[in-house]
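The data block below is input09.cif; it holds mmCIF, C-alpha atoms.
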```cif
data_model
loop_
_atom_site.label_atom_id
_atom_site.label_comp_id
_atom_site.auth_asym_id
_atom_site.auth_seq_id
_atom_site.Cartn_x
_atom_site.Cartn_y
_atom_site.Cartn_z
CA MET A 113 96.71 88.90 33.71
CA GLU A 114 93.18 89.22 35.00
CA SER A 115 94.41 91.04 38.10
CA PHE A 116 96.35 93.47 35.88
CA THR A 117 93.25 94.06 33.74
CA SER A 118 91.05 94.69 36.79
CA LEU A 119 93.66 97.07 38.20
CA PHE A 120 93.82 98.96 34.89
CA ASN A 121 90.02 99.17 34.74
CA SER A 122 89.80 100.46 38.31
CA GLN A 123 92.42 103.13 37.60
CA SER A 124 90.62 104.15 34.41
CA ALA A 125 87.33 104.42 36.27
CA SER A 126 88.90 106.51 39.03
CA SER A 127 90.52 108.73 36.40
CA ARG A 128 87.18 109.23 34.66
CA ASN A 129 85.57 110.07 37.98
CA ARG A 130 88.36 112.50 38.83
CA TRP A 131 87.99 114.40 35.56
CA SER A 132 84.24 114.17 35.21
CA TYR A 133 82.10 117.26 34.88
CA ASP A 134 80.70 116.63 38.34
CA SER A 135 84.18 117.11 39.83
CA LEU A 136 84.27 120.63 38.39
CA LYS A 137 81.12 121.44 40.36
CA ASN A 138 82.48 120.02 43.59
CA PHE A 139 82.55 122.88 46.09
CA ARG A 140 82.00 120.67 49.13
CA GLN A 141 85.35 121.80 50.55
CA ILE A 142 83.94 125.34 50.67
CA SER A 143 81.40 125.68 53.46
CA PRO A 144 78.04 127.41 52.76
CA PHE A 145 78.85 130.57 54.70
CA VAL A 146 82.15 130.89 52.78
CA GLN A 147 80.26 130.46 49.51
CA THR A 148 77.98 133.32 50.58
CA HIS A 149 81.06 135.38 51.38
CA LEU A 150 82.52 134.68 47.94
CA LYS A 151 79.29 135.83 46.30
CA LYS A 152 79.63 139.17 48.10
CA VAL A 153 83.29 139.40 47.10
CA TYR A 154 82.65 138.84 43.41
CA LEU A 155 79.59 141.08 43.36
CA SER A 156 81.69 143.86 44.91
CA LEU A 157 84.43 143.11 42.37
CA CYS A 158 81.97 143.49 39.47
CA CYS A 159 80.76 146.83 40.86
CA ALA A 160 84.37 147.99 41.24
CA LEU A 161 85.10 147.07 37.62
CA ILE A 162 82.08 149.08 36.49
CA ALA A 163 83.31 152.05 38.54
CA SER A 164 86.75 151.62 36.98
CA ALA A 165 85.24 151.66 33.48
CA ALA A 166 83.38 154.84 34.43
CA GLY A 167 86.67 156.38 35.55
CA ALA A 168 88.32 155.53 32.23
CA TYR A 169 85.36 157.04 30.38
CA LEU A 170 85.63 160.23 32.44
CA HIS A 171 89.27 160.49 31.44
CA ILE A 172 88.36 160.17 27.77
CA LEU A 173 85.79 162.95 28.18
CA TRP A 174 87.75 165.38 30.36
CA ASN A 175 91.36 164.11 30.39
CA ILE A 176 91.48 163.76 34.18
CA GLY A 177 93.80 160.75 34.45
CA GLY A 178 97.27 161.34 35.85
CA LEU A 179 99.18 161.83 39.06
CA LEU A 180 96.23 163.28 40.98
CA THR A 181 93.96 160.33 40.22
CA THR A 182 96.77 157.92 41.18
CA LEU A 183 97.17 159.69 44.51
CA GLY A 184 93.38 159.67 44.91
CA CYS A 185 93.35 155.89 44.36
CA VAL A 186 96.12 155.32 46.91
CA GLY A 187 94.43 157.67 49.40
CA SER A 188 91.09 155.91 49.01
CA ILE A 189 92.72 152.52 49.63
CA VAL A 190 94.53 153.76 52.75
CA TRP A 191 91.31 155.34 54.02
CA LEU A 192 89.42 152.09 53.35
CA MET A 193 91.96 150.05 55.30
CA ALA A 194 91.75 152.46 58.23
CA THR A 195 87.94 152.40 58.32
CA PRO A 196 86.34 150.01 60.87
CA LEU A 197 84.47 146.98 59.57
CA TYR A 198 81.13 148.09 60.98
CA GLU A 199 81.11 151.17 58.68
CA GLU A 200 80.20 148.93 55.76
CA GLN A 201 78.59 151.52 53.48
CA LYS A 202 81.53 153.88 53.86
CA ARG A 203 84.01 151.14 53.02
CA ILE A 204 82.03 150.16 49.92
CA ALA A 205 81.96 153.81 48.83
CA LEU A 206 85.74 154.03 49.31
CA LEU A 207 86.21 150.86 47.26
CA MET A 208 84.19 152.37 44.42
CA ALA A 209 86.15 155.63 44.72
CA ALA A 210 89.46 153.75 44.53
CA ALA A 211 88.22 151.85 41.48
CA LEU A 212 87.02 155.07 39.83
CA PHE A 213 90.39 156.77 40.38
CA LYS A 214 92.23 153.67 39.16
CA GLY A 215 90.16 153.61 35.97
CA ALA A 216 90.96 157.26 35.37
CA SER A 217 94.67 156.57 36.03
CA ILE A 218 94.86 153.90 33.32
CA GLY A 219 92.60 156.03 31.10
CA PRO A 220 95.51 157.37 28.98
CA LEU A 221 96.55 153.82 28.05
CA ILE A 222 92.96 152.85 27.22
CA GLU A 223 92.50 156.03 25.18
CA LEU A 224 95.67 155.27 23.23
CA ALA A 225 94.41 151.77 22.46
CA ILE A 226 90.99 153.09 21.40
CA ASP A 227 92.59 155.63 19.06
CA PHE A 228 94.67 152.86 17.49
CA ASP A 229 91.97 150.15 17.35
CA PRO A 230 88.94 149.94 19.69
CA SER A 231 88.80 146.16 19.32
CA ILE A 232 92.10 145.90 21.23
CA VAL A 233 90.45 147.13 24.44
CA ILE A 234 87.56 144.69 24.05
CA GLY A 235 89.91 141.82 23.28
CA ALA A 236 92.12 142.64 26.26
CA PHE A 237 89.15 142.81 28.63
CA VAL A 238 87.63 139.56 27.35
CA GLY A 239 91.00 137.79 27.54
CA CYS A 240 91.59 139.09 31.06
CA ALA A 241 88.07 138.10 32.17
CA VAL A 242 88.47 134.58 30.75
CA ALA A 243 91.90 134.13 32.37
CA PHE A 244 90.63 135.52 35.67
CA GLY A 245 87.57 133.24 35.65
CA CYS A 246 89.56 130.13 34.73
CA PHE A 247 92.30 130.60 37.31
CA SER A 248 89.81 131.58 40.03
CA ALA A 249 87.74 128.49 39.30
CA ALA A 250 90.88 126.33 39.37
CA ALA A 251 91.75 127.72 42.80
CA MET A 252 88.22 127.07 44.07
CA VAL A 253 87.98 123.43 42.96
CA ALA A 254 91.52 122.59 44.10
CA ARG A 255 92.26 121.23 47.56
CA ARG A 256 92.35 123.79 50.35
CA ARG A 257 95.73 125.50 50.82
CA GLU A 258 97.10 123.67 47.75
CA TYR A 259 98.44 126.84 46.13
CA LEU A 260 99.24 128.92 49.22
CA TYR A 261 102.90 127.93 48.88
CA LEU A 262 103.01 130.26 45.86
CA GLY A 263 102.94 133.29 48.17
CA GLY A 264 106.70 133.34 48.71
CA LEU A 265 107.52 132.81 45.03
CA LEU A 266 105.09 135.50 43.92
CA SER A 267 106.42 137.98 46.48
CA SER A 268 109.93 137.35 45.14
CA GLY A 269 108.66 137.87 41.59
CA LEU A 270 106.98 141.12 42.59
CA SER A 271 110.21 142.29 44.21
CA ILE A 272 112.11 141.51 41.00
CA LEU A 273 109.58 143.53 39.00
CA PHE A 274 109.93 146.48 41.37
CA TRP A 275 113.73 146.58 41.15
CA LEU A 276 113.69 146.13 37.37
CA HIS A 277 111.28 149.03 37.02
CA PHE A 278 113.28 151.14 39.45
CA THR A 279 116.55 150.43 37.63
CA SER A 280 115.13 151.08 34.16
CA SER A 281 113.54 154.36 35.30
CA ILE A 282 116.94 155.64 36.52
CA PHE A 283 119.43 154.16 34.05
CA GLY A 284 117.09 153.62 31.11
CA GLY A 285 115.98 150.32 29.70
CA SER A 286 115.91 148.46 26.42
CA MET A 287 112.87 147.13 24.59
CA ALA A 288 113.89 143.59 25.55
CA LEU A 289 113.86 144.55 29.23
CA PHE A 290 110.46 146.22 28.81
CA LYS A 291 109.02 143.09 27.20
CA PHE A 292 110.44 140.95 30.00
CA GLU A 293 108.82 143.21 32.60
CA VAL A 294 105.44 143.00 30.87
CA TYR A 295 105.39 139.24 30.29
CA PHE A 296 106.96 138.35 33.62
CA GLY A 297 104.55 140.73 35.37
CA LEU A 298 101.65 139.04 33.61
CA LEU A 299 102.86 135.66 34.86
CA VAL A 300 103.26 136.96 38.42
CA PHE A 301 99.79 138.52 38.64
CA VAL A 302 98.10 135.50 37.06
CA GLY A 303 99.72 133.53 39.85
CA TYR A 304 98.38 136.05 42.34
CA ILE A 305 94.85 135.36 41.07
CA ILE A 306 95.20 131.73 42.14
CA PHE A 307 96.99 132.54 45.39
CA ASP A 308 94.65 135.35 46.47
CA THR A 309 91.54 133.30 45.68
CA GLN A 310 92.69 130.43 47.89
CA ASP A 311 93.94 132.88 50.52
CA ILE A 312 90.52 134.55 50.64
CA ILE A 313 88.79 131.18 50.99
CA GLU A 314 91.13 130.11 53.76
CA LYS A 315 90.77 133.41 55.63
CA ALA A 316 86.98 133.16 55.35
CA HIS A 317 87.07 129.68 56.88
CA LEU A 318 89.08 131.17 59.75
CA GLY A 319 86.51 133.92 60.32
CA ASP A 320 87.85 136.82 58.20
CA LEU A 321 84.73 137.87 56.26
CA ASP A 322 85.90 141.33 55.15
CA TYR A 323 84.51 141.05 51.63
CA VAL A 324 85.33 144.66 50.76
CA LYS A 325 89.05 144.16 51.39
CA HIS A 326 88.98 140.83 49.57
CA ALA A 327 87.23 142.41 46.58
CA LEU A 328 89.93 145.12 46.54
CA THR A 329 92.61 142.42 46.44
CA LEU A 330 91.04 140.67 43.46
CA PHE A 331 90.37 144.03 41.76
CA THR A 332 94.09 144.84 41.99
CA ASP A 333 94.94 141.47 40.39
CA PHE A 334 92.38 141.97 37.62
CA ILE A 335 93.59 145.46 36.70
CA ALA A 336 97.25 144.37 36.76
CA VAL A 337 96.53 141.50 34.35
CA PHE A 338 94.28 143.67 32.14
CA VAL A 339 96.89 146.42 31.77
CA ARG A 340 99.61 143.97 30.77
CA ILE A 341 97.41 142.13 28.27
CA LEU A 342 96.39 145.49 26.81
CA ILE A 343 100.05 146.58 26.47
CA ILE A 344 100.98 143.27 24.80
CA MET A 345 98.10 143.46 22.32
CA LEU A 346 98.76 147.13 21.59
CA LYS A 347 102.46 146.47 20.99
CA ASN A 348 101.71 143.52 18.70
CA ALA A 349 99.19 145.56 16.70
CA SER A 350 101.66 148.43 16.41
CA ASP A 351 104.40 146.10 15.16
CA LYS A 352 102.07 144.64 12.54
CA GLU A 353 101.14 148.13 11.37
CA GLU A 354 104.79 149.11 11.03
CA LYS A 355 105.53 145.97 9.00
CA LYS A 356 102.64 146.77 6.65
CA LYS A 357 103.96 150.31 6.13
CA LYS A 358 107.43 148.98 5.35
CA ARG A 359 106.02 146.56 2.77
CA ARG A 360 104.09 149.35 1.09
CA ASN A 361 107.17 151.54 0.90
#
```
Would you mind writing the structure in this file as structure tokens?
Amino acid sequence: MESFTSLFNSQSASSRNRWSYDSLKNFRQISPFVQTHLKKVYLSLCCALIASAAGAYLHILWNIGGLLTTLGCVGSIVWLMATPLYEEQKRIALLMAAALFKGASIGPLIELAIDFDPSIVIGAFVGCAVAFGCFSAAAMVARRREYLYLGGLLSSGLSILFWLHFTSSIFGGSMALFKFEVYFGLLVFVGYIIFDTQDIIEKAHLGDLDYVKHALTLFTDFIAVFVRILIIMLKNASDKEEKKKKRRN
């Protein structure tokens, strides 16, 4: 009985140590130079988000968002990937340009949400930022390469999303299919936040310190999650408004 009690106490103590606050601050698996790299990545990501917000604001002012800004975003990304690493300032400028064009491209959706209820945009951004921060932190404090197995599953999910979108654009789609695309896409890109964070850390340990490209990867994940949260919140608010009108009538 005493041996069972001592075993239970030791397991309880180890469990408390495992879930203590100090364990959440344990970044010993991430070497100092990788931590410095991550600081550059997230600083570049913040600047890209600011540029994206500026692009959305420019659309609201001058209605510039559309096919041309989408092509400009794609062109900036291709140009960035083709630019040598030693041209650091140019690559940063191309990252900001891609973010600016991307913000303008999603400007129509943001403008629609602002016209309906400005708080929806704020709520979507805060929700996306919280989700992004939580899942990134989970990937950082987890064991190295623990979530890299998700790459194959997420690629399959992304392929499913592509074919669903392609099919619905040709043959038409129902509201149920649209909701499935949005929610399933949200799940896929939340998974990509975890996978890409660990992938960036692992690549940095192996010597790949291209923080501009890594910031672009996380920026793509952030925007994909933000757009889907915004669509979900906008659809829910629209449904509530329709129900209120029906009750009044």
* Point (89.8, 133.7, 45.9) neighbourhood (10 Å, only C-alpha atoms) written as a list in words -> Leu150, Val153, Tyr154, Phe247, Ser248, Ala249, Ala250, Ala251, Met252, Tyr304, Ile305, Ile306, Phe307, Asp308, Thr309, Gln310, Asp311, Ile312, Ile313, Glu314, Lys315, Ala316, His326, Ala327, Thr329 and Leu330 of chain A
* **Result set of the PyMOL selection byres ((chain A and resi 170-187) around 10) on the coordinates above, as a ChimeraX atom specification** => /A:164-169,188-193,206-224,226
* Asked: Got a sec to resolve the PyMOL selection byres ((chain A and resi 337-346) around 10) on this structure and send the residues as an MDAnalysis selection string?
  -> chainID A and resid 218 221:222 224:226 228:229 232:241 243:244 291 293:302 304:305 331:336 347:352
Would you mind exporting the chosen residues as a compact mmCIF listing (two decimals), in the coordinates of the input, restricted to C-alpha atoms?
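Dumped everything to again_5.txt:
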```
# COMPACT_ATOMS: atom_id res chain seq x y z
CA ILE A 218 94.86 153.90 33.32
CA LEU A 221 96.55 153.82 28.05
CA ILE A 222 92.96 152.85 27.22
CA LEU A 224 95.67 155.27 23.23
CA ALA A 225 94.41 151.77 22.46
CA ILE A 226 90.99 153.09 21.40
CA PHE A 228 94.67 152.86 17.49
CA ASP A 229 91.97 150.15 17.35
CA ILE A 232 92.10 145.90 21.23
CA VAL A 233 90.45 147.13 24.44
CA ILE A 234 87.56 144.69 24.05
CA GLY A 235 89.91 141.82 23.28
CA ALA A 236 92.12 142.64 26.26
CA PHE A 237 89.15 142.81 28.63
CA VAL A 238 87.63 139.56 27.35
CA GLY A 239 91.00 137.79 27.54
CA CYS A 240 91.59 139.09 31.06
CA ALA A 241 88.07 138.10 32.17
CA ALA A 243 91.90 134.13 32.37
CA PHE A 244 90.63 135.52 35.67
CA LYS A 291 109.02 143.09 27.20
CA GLU A 293 108.82 143.21 32.60
CA VAL A 294 105.44 143.00 30.87
CA TYR A 295 105.39 139.24 30.29
CA PHE A 296 106.96 138.35 33.62
CA GLY A 297 104.55 140.73 35.37
CA LEU A 298 101.65 139.04 33.61
CA LEU A 299 102.86 135.66 34.86
CA VAL A 300 103.26 136.96 38.42
CA PHE A 301 99.79 138.52 38.64
CA VAL A 302 98.10 135.50 37.06
CA TYR A 304 98.38 136.05 42.34
CA ILE A 305 94.85 135.36 41.07
CA PHE A 331 90.37 144.03 41.76
CA THR A 332 94.09 144.84 41.99
CA ASP A 333 94.94 141.47 40.39
CA PHE A 334 92.38 141.97 37.62
CA ILE A 335 93.59 145.46 36.70
CA ALA A 336 97.25 144.37 36.76
CA LYS A 347 102.46 146.47 20.99
CA ASN A 348 101.71 143.52 18.70
CA ALA A 349 99.19 145.56 16.70
CA SER A 350 101.66 148.43 16.41
CA ASP A 351 104.40 146.10 15.16
CA LYS A 352 102.07 144.64 12.54
```
* **Å distance separating atom CA of Arg257 of chain A from atom CA of His149 of chain A, one decimal place** =>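 Interatomic distance, atom CA of Arg257 of chain A to atom CA of His149 of chain A: 17.7 Å.
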* Using all atoms listed in the file, pick whichever of A:Val242, A:Thr279, A:Gly303, A:Leu157 has the shortest atom-to-atom distance to Gly263 of chain A. =>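 The closest residue to Gly263 of chain A is A:Gly303.
Atom pair atom CA of Gln147 of chain A / atom CA of His317 of chain A has a distance of 10.1 Å (rounded to one decimal).
Distance-wise, atom CA of Glu258 of chain A and atom CA of Val146 of chain A end up 17.3 Å apart.
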* Asked: What lies within 9 Å of Gln141 of chain A using all atoms listed in the file, ignoring chain neighbours under 6 positions off, as an NGL selection string?
  -> :A and (252-256)
